[in-house]
>>> print(open('work_4.pdb').read())   # PDB, C-alpha atoms, pLDDT in the B column
ATOM      1  CA  MET A   1     155.998 109.248  65.052  1.00 51.00           C
ATOM      2  CA  VAL A   2     156.263 111.209  68.270  1.00 52.00           C
ATOM      3  CA  GLN A   3     153.297 109.307  69.826  1.00 62.00           C
ATOM      4  CA  VAL A   4     154.755 105.908  68.890  1.00 58.00           C
ATOM      5  CA  THR A   5     158.070 106.581  70.657  1.00 61.00           C
ATOM      6  CA  PRO A   6     156.666 106.535  74.254  1.00 59.00           C
ATOM      7  CA  PHE A   7     154.791 103.310  73.460  1.00 55.00           C
ATOM      8  CA  LEU A   8     157.941 101.631  72.132  1.00 53.00           C
ATOM      9  CA  LEU A   9     159.922 102.827  75.139  1.00 50.00           C
ATOM     10  CA  VAL A  10     157.378 101.361  77.588  1.00 52.00           C
ATOM     11  CA  LEU A  11     157.193  98.117  75.605  1.00 51.00           C
ATOM     12  CA  SER A  12     160.978  97.678  75.525  1.00 54.00           C
ATOM     13  CA  LEU A  13     161.272  98.380  79.266  1.00 50.00           C
ATOM     14  CA  ALA A  14     158.574  95.786  80.000  1.00 49.00           C
ATOM     15  CA  LEU A  15     160.336  93.179  77.874  1.00 48.00           C
ATOM     16  CA  MET A  16     163.708  93.865  79.510  1.00 47.00           C
ATOM     17  CA  ALA A  17     162.214  93.652  83.014  1.00 46.00           C
ATOM     18  CA  HIS A  18     160.674  90.254  82.198  1.00 47.00           C
ATOM     19  CA  GLY A  19     164.041  88.961  80.977  1.00 47.00           C
ATOM     20  CA  LEU A  20     165.787  90.135  84.122  1.00 44.00           C
ATOM     21  CA  SER A  21     163.206  88.531  86.421  1.00 49.00           C
ATOM     22  CA  GLU A  22     163.635  85.075  84.873  1.00 62.00           C
ATOM     23  CA  ARG A  23     166.774  83.839  86.643  1.00 75.00           C
ATOM     24  CA  LYS A  24     168.084  80.373  85.934  1.00 84.00           C
ATOM     25  CA  CYS A  25     168.409  77.821  88.678  1.00 85.00           C
ATOM     26  CA  MET A  26     171.748  75.984  88.424  1.00 88.00           C
ATOM     27  CA  LEU A  27     172.311  72.595  90.093  1.00 90.00           C
ATOM     28  CA  THR A  28     176.095  72.921  90.280  1.00 93.00           C
ATOM     29  CA  GLY A  29     177.371  73.878  93.722  1.00 95.00           C
ATOM     30  CA  ARG A  30     176.848  73.197  97.409  1.00 96.00           C
ATOM     31  CA  TRP A  31     173.397  72.649  98.957  1.00 96.00           C
ATOM     32  CA  ILE A  32     171.927  72.066 102.444  1.00 95.00           C
ATOM     33  CA  ASN A  33     168.526  70.558 103.198  1.00 95.00           C
ATOM     34  CA  ASP A  34     165.918  71.025 105.902  1.00 94.00           C
ATOM     35  CA  LEU A  35     167.517  68.251 108.025  1.00 93.00           C
ATOM     36  CA  GLY A  36     171.050  69.674 107.850  1.00 93.00           C
ATOM     37  CA  SER A  37     172.391  67.233 105.249  1.00 94.00           C
ATOM     38  CA  ASN A  38     174.607  68.769 102.599  1.00 95.00           C
ATOM     39  CA  MET A  39     175.670  67.816  99.120  1.00 96.00           C
ATOM     40  CA  THR A  40     177.975  69.052  96.421  1.00 96.00           C
ATOM     41  CA  ILE A  41     176.984  68.739  92.772  1.00 96.00           C
ATOM     42  CA  GLY A  42     179.731  68.974  90.164  1.00 96.00           C
ATOM     43  CA  ASP A  43     179.561  70.437  86.668  1.00 94.00           C
ATOM     44  CA  LEU A  44     177.130  68.970  84.179  1.00 93.00           C
ATOM     45  CA  ASN A  45     178.577  67.328  81.082  1.00 93.00           C
ATOM     46  CA  ARG A  46     177.123  67.772  77.569  1.00 90.00           C
ATOM     47  CA  LYS A  47     174.563  65.020  78.243  1.00 92.00           C
ATOM     48  CA  GLY A  48     173.366  66.717  81.441  1.00 91.00           C
ATOM     49  CA  GLU A  49     175.030  64.133  83.699  1.00 95.00           C
ATOM     50  CA  PHE A  50     176.730  65.077  86.953  1.00 96.00           C
ATOM     51  CA  ALA A  51     178.534  63.549  89.923  1.00 97.00           C
ATOM     52  CA  GLY A  52     179.073  64.748  93.448  1.00 97.00           C
ATOM     53  CA  SER A  53     178.974  63.854  97.119  1.00 97.00           C
ATOM     54  CA  TYR A  54     176.319  63.686  99.813  1.00 95.00           C
ATOM     55  CA  HIS A  55     176.890  64.039 103.559  1.00 94.00           C
ATOM     56  CA  THR A  56     173.738  63.051 105.418  1.00 88.00           C
ATOM     57  CA  ALA A  57     172.960  64.451 108.842  1.00 87.00           C
ATOM     58  CA  VAL A  58     170.542  61.622 109.670  1.00 82.00           C
ATOM     59  CA  THR A  59     170.669  57.838 109.592  1.00 78.00           C
ATOM     60  CA  ALA A  60     168.736  54.850 110.901  1.00 79.00           C
ATOM     61  CA  THR A  61     171.912  52.766 111.331  1.00 75.00           C
ATOM     62  CA  THR A  62     174.408  52.697 114.175  1.00 80.00           C
ATOM     63  CA  ASN A  63     177.307  52.954 111.705  1.00 76.00           C
ATOM     64  CA  ASP A  64     179.428  56.077 111.496  1.00 82.00           C
ATOM     65  CA  ILE A  65     178.133  58.380 108.765  1.00 80.00           C
ATOM     66  CA  GLN A  66     180.465  58.769 105.777  1.00 86.00           C
ATOM     67  CA  VAL A  67     180.355  61.125 102.828  1.00 91.00           C
ATOM     68  CA  SER A  68     178.841  59.109  99.970  1.00 94.00           C
ATOM     69  CA  PRO A  69     178.988  59.471  96.177  1.00 96.00           C
ATOM     70  CA  LEU A  70     176.071  60.661  94.091  1.00 97.00           C
ATOM     71  CA  GLN A  71     175.416  60.415  90.346  1.00 97.00           C
ATOM     72  CA  GLY A  72     172.596  61.970  88.403  1.00 96.00           C
ATOM     73  CA  SER A  73     171.287  63.819  85.412  1.00 95.00           C
ATOM     74  CA  GLN A  74     169.418  66.985  84.626  1.00 92.00           C
ATOM     75  CA  HIS A  75     166.778  67.123  81.917  1.00 85.00           C
ATOM     76  CA  ARG A  76     168.612  68.906  79.102  1.00 70.00           C
ATOM     77  CA  THR A  77     166.171  68.802  76.193  1.00 56.00           C
ATOM     78  CA  ASN A  78     164.308  71.775  77.587  1.00 58.00           C
ATOM     79  CA  GLN A  79     166.677  74.605  78.353  1.00 60.00           C
ATOM     80  CA  LYS A  80     164.165  76.056  80.788  1.00 62.00           C
ATOM     81  CA  SER A  81     165.256  78.155  83.716  1.00 77.00           C
ATOM     82  CA  GLN A  82     163.895  75.702  86.324  1.00 87.00           C
ATOM     83  CA  PRO A  83     165.042  72.207  85.277  1.00 89.00           C
ATOM     84  CA  THR A  84     164.025  68.776  86.525  1.00 93.00           C
ATOM     85  CA  PHE A  85     166.697  66.337  87.704  1.00 95.00           C
ATOM     86  CA  GLY A  86     167.337  63.041  89.442  1.00 97.00           C
ATOM     87  CA  PHE A  87     170.272  61.454  91.276  1.00 97.00           C
ATOM     88  CA  THR A  88     171.241  58.342  93.200  1.00 97.00           C
ATOM     89  CA  VAL A  89     173.245  58.199  96.431  1.00 96.00           C
ATOM     90  CA  ASN A  90     175.097  54.932  97.098  1.00 95.00           C
ATOM     91  CA  TRP A  91     175.612  55.041 100.863  1.00 94.00           C
ATOM     92  CA  LYS A  92     179.166  53.996 101.817  1.00 93.00           C
ATOM     93  CA  PHE A  93     178.247  53.196 105.435  1.00 90.00           C
ATOM     94  CA  SER A  94     175.152  51.006 104.970  1.00 91.00           C
ATOM     95  CA  ASP A  95     173.516  48.434 102.679  1.00 91.00           C
ATOM     96  CA  SER A  96     171.102  50.964 101.222  1.00 93.00           C
ATOM     97  CA  ILE A  97     170.683  53.311  98.291  1.00 96.00           C
ATOM     98  CA  THR A  98     168.536  56.418  97.787  1.00 96.00           C
ATOM     99  CA  VAL A  99     167.123  57.922  94.604  1.00 98.00           C
ATOM    100  CA  PHE A 100     166.071  61.575  94.526  1.00 97.00           C
ATOM    101  CA  THR A 101     163.968  63.325  91.903  1.00 97.00           C
ATOM    102  CA  GLY A 102     163.074  66.977  91.870  1.00 96.00           C
ATOM    103  CA  GLN A 103     163.072  70.385  90.307  1.00 94.00           C
ATOM    104  CA  CYS A 104     165.339  73.398  90.669  1.00 93.00           C
ATOM    105  CA  PHE A 105     163.382  76.623  91.319  1.00 93.00           C
ATOM    106  CA  VAL A 106     164.099  80.298  91.807  1.00 91.00           C
ATOM    107  CA  ASP A 107     161.693  81.563  94.465  1.00 91.00           C
ATOM    108  CA  ASP A 108     160.023  84.979  94.695  1.00 91.00           C
ATOM    109  CA  GLU A 109     163.014  86.364  96.599  1.00 91.00           C
ATOM    110  CA  GLY A 110     165.470  85.215  93.912  1.00 90.00           C
ATOM    111  CA  LYS A 111     166.848  82.294  95.964  1.00 93.00           C
ATOM    112  CA  GLU A 112     167.547  78.929  94.339  1.00 94.00           C
ATOM    113  CA  VAL A 113     165.612  76.023  95.893  1.00 95.00           C
ATOM    114  CA  LEU A 114     165.652  72.301  95.117  1.00 96.00           C
ATOM    115  CA  LYS A 115     162.342  70.576  95.869  1.00 97.00           C
ATOM    116  CA  THR A 116     162.880  66.796  95.990  1.00 97.00           C
ATOM    117  CA  MET A 117     161.178  63.508  96.737  1.00 98.00           C
ATOM    118  CA  TRP A 118     163.225  60.411  97.587  1.00 97.00           C
ATOM    119  CA  LEU A 119     162.998  56.650  97.948  1.00 97.00           C
ATOM    120  CA  LEU A 120     165.466  54.923 100.283  1.00 95.00           C
ATOM    121  CA  ARG A 121     165.859  51.178  99.769  1.00 96.00           C
ATOM    122  CA  SER A 122     167.482  49.204 102.571  1.00 94.00           C
ATOM    123  CA  ARG A 123     168.661  45.619 102.244  1.00 94.00           C
ATOM    124  CA  VAL A 124     166.522  43.054 104.054  1.00 95.00           C
ATOM    125  CA  ASP A 125     167.349  39.427 104.821  1.00 95.00           C
ATOM    126  CA  ASN A 126     164.423  37.832 102.976  1.00 96.00           C
ATOM    127  CA  ILE A 127     161.433  38.556 100.769  1.00 97.00           C
ATOM    128  CA  LYS A 128     159.056  38.407 103.745  1.00 97.00           C
ATOM    129  CA  ASP A 129     160.636  41.649 104.999  1.00 96.00           C
ATOM    130  CA  ASP A 130     160.306  43.420 101.639  1.00 96.00           C
ATOM    131  CA  TRP A 131     157.341  45.428 102.949  1.00 96.00           C
ATOM    132  CA  LYS A 132     159.600  47.414 105.290  1.00 94.00           C
ATOM    133  CA  ALA A 133     162.579  47.894 102.981  1.00 95.00           C
ATOM    134  CA  THR A 134     161.572  51.133 101.217  1.00 96.00           C
ATOM    135  CA  ARG A 135     161.012  54.530 102.783  1.00 95.00           C
ATOM    136  CA  VAL A 136     159.761  57.672 101.044  1.00 97.00           C
ATOM    137  CA  GLY A 137     160.187  61.316 101.921  1.00 96.00           C
ATOM    138  CA  THR A 138     160.733  64.864 100.739  1.00 97.00           C
ATOM    139  CA  ASN A 139     163.502  67.404 101.211  1.00 96.00           C
ATOM    140  CA  THR A 140     163.965  71.051 100.365  1.00 97.00           C
ATOM    141  CA  PHE A 141     167.521  72.167  99.615  1.00 97.00           C
ATOM    142  CA  THR A 142     168.858  75.723  99.567  1.00 95.00           C
ATOM    143  CA  ARG A 143     172.179  76.892  98.200  1.00 94.00           C
ATOM    144  CA  LEU A 144     175.008  76.803 100.738  1.00 90.00           C
ATOM    145  CA  HIS A 145     177.139  79.921 100.343  1.00 81.00           C
ATOM    146  CA  MET A 146     180.738  80.063 101.500  1.00 69.00           C
ATOM    147  CA  GLN A 147     181.260  82.557 104.308  1.00 60.00           C
ATOM    148  CA  LYS A 148     183.891  85.202 103.721  1.00 56.00           C
ATOM    149  CA  GLU A 149     186.561  85.449 106.397  1.00 51.00           C
TER     150      GLU A 149
END
>>> encode(input="work_4.pdb", output="structure tokens")
Amino acid sequence: MVQVTPFLLVLSLALMAHGLSERKCMLTGRWINDLGSNMTIGDLNRKGEFAGSYHTAVTATTNDIQVSPLQGSQHRTNQKSQPTFGFTVNWKFSDSITVFTGQCFVDDEGKEVLKTMWLLRSRVDNIKDDWKATRVGTNTFTRLHMQKE
């Protein structure tokens, strides 16, 4: 019995350390991307749906940028710690819409990161211009923390 006790102690410590290292990435909150755009994602409902706002730092139009609404959902059937998600931004200042899809990660330093790919569809005047109406890109978002005063 005495020899089993050290083994059980080491085993339990290893299991506890693994549980502590697996942090969950939560979508809810404020985020900033690599271009300086920021968004706020509200609480998820029981279905995994959420709403929020997006304030882009970049635009191809000459219109004044406005904060625009976003709606999306997080994959809820797997309660994994790094969920997949998607959302749509309906731009208030232009005739375009963007869909994002991505995954919420916790990196090696314990920081939450959203890795996304997007499609931006702009309105064109006729079908002959369809070829230039959709753009594709990627963004990396990090959590935006409020500064204490």
>>> residues_around(input="work_4.pdb", residues="segment 118-131 of chain A", least_positions_apart="4", cutoff="10 Å", atoms="all atoms listed in the file", output="list of chain:residue names")
A:Gly86, A:Phe87, A:Thr88, A:Val89, A:Ser94, A:Asp95, A:Ser96, A:Ile97, A:Thr98, A:Val99, A:Phe100, A:Thr101, A:Gly102, A:Arg135, A:Val136, A:Gly137, A:Thr138, A:Asn139
>>> resolve_selection(input="work_4.pdb", expression="the PyMOL selection byres ((chain A and resi 37-40) around 8)", output="PyMOL selection string")
chain A and resi 28-36+41-42+52-58
>>> atom_distance(input="work_4.pdb", atom1="atom CA of Asp43 of chain A", atom2="atom CA of Met26 of chain A")
9.7 Å
>>> atom_distance(input="work_4.pdb", atom1="atom CA of His75 of chain A", atom2="atom CA of Ala133 of chain A")
28.8 Å
>>> closest_residue(input="work_4.pdb", among="A:Ala60, A:Lys132, A:Lys92, A:Pro83", to="Val113 of chain A", atoms="all atoms listed in the file")
A:Pro83
>>> resolve_selection(input="work_4.pdb", expression="the PyMOL selection byres ((chain A and resi 49) around 10)", output="VMD selection string")
chain A and resid 42 to 48 50 to 51 71 to 76 85 to 87
>>> closest_residue(input="work_4.pdb", among="A:Cys25, A:Phe141, A:Thr116, A:Phe93", to="Asp64 of chain A", atoms="only C-alpha atoms")
A:Phe93
>>> residues_near_point(input="work_4.pdb", point="(162.7, 84.0, 88.8)", cutoff="9 Å", atoms="only C-alpha atoms", output="list of chain:residue names")
A:Leu20, A:Ser21, A:Glu22, A:Arg23, A:Lys24, A:Cys25, A:Ser81, A:Gln82, A:Phe105, A:Val106, A:Asp107, A:Asp108, A:Glu109, A:Gly110, A:Lys111, A:Glu112
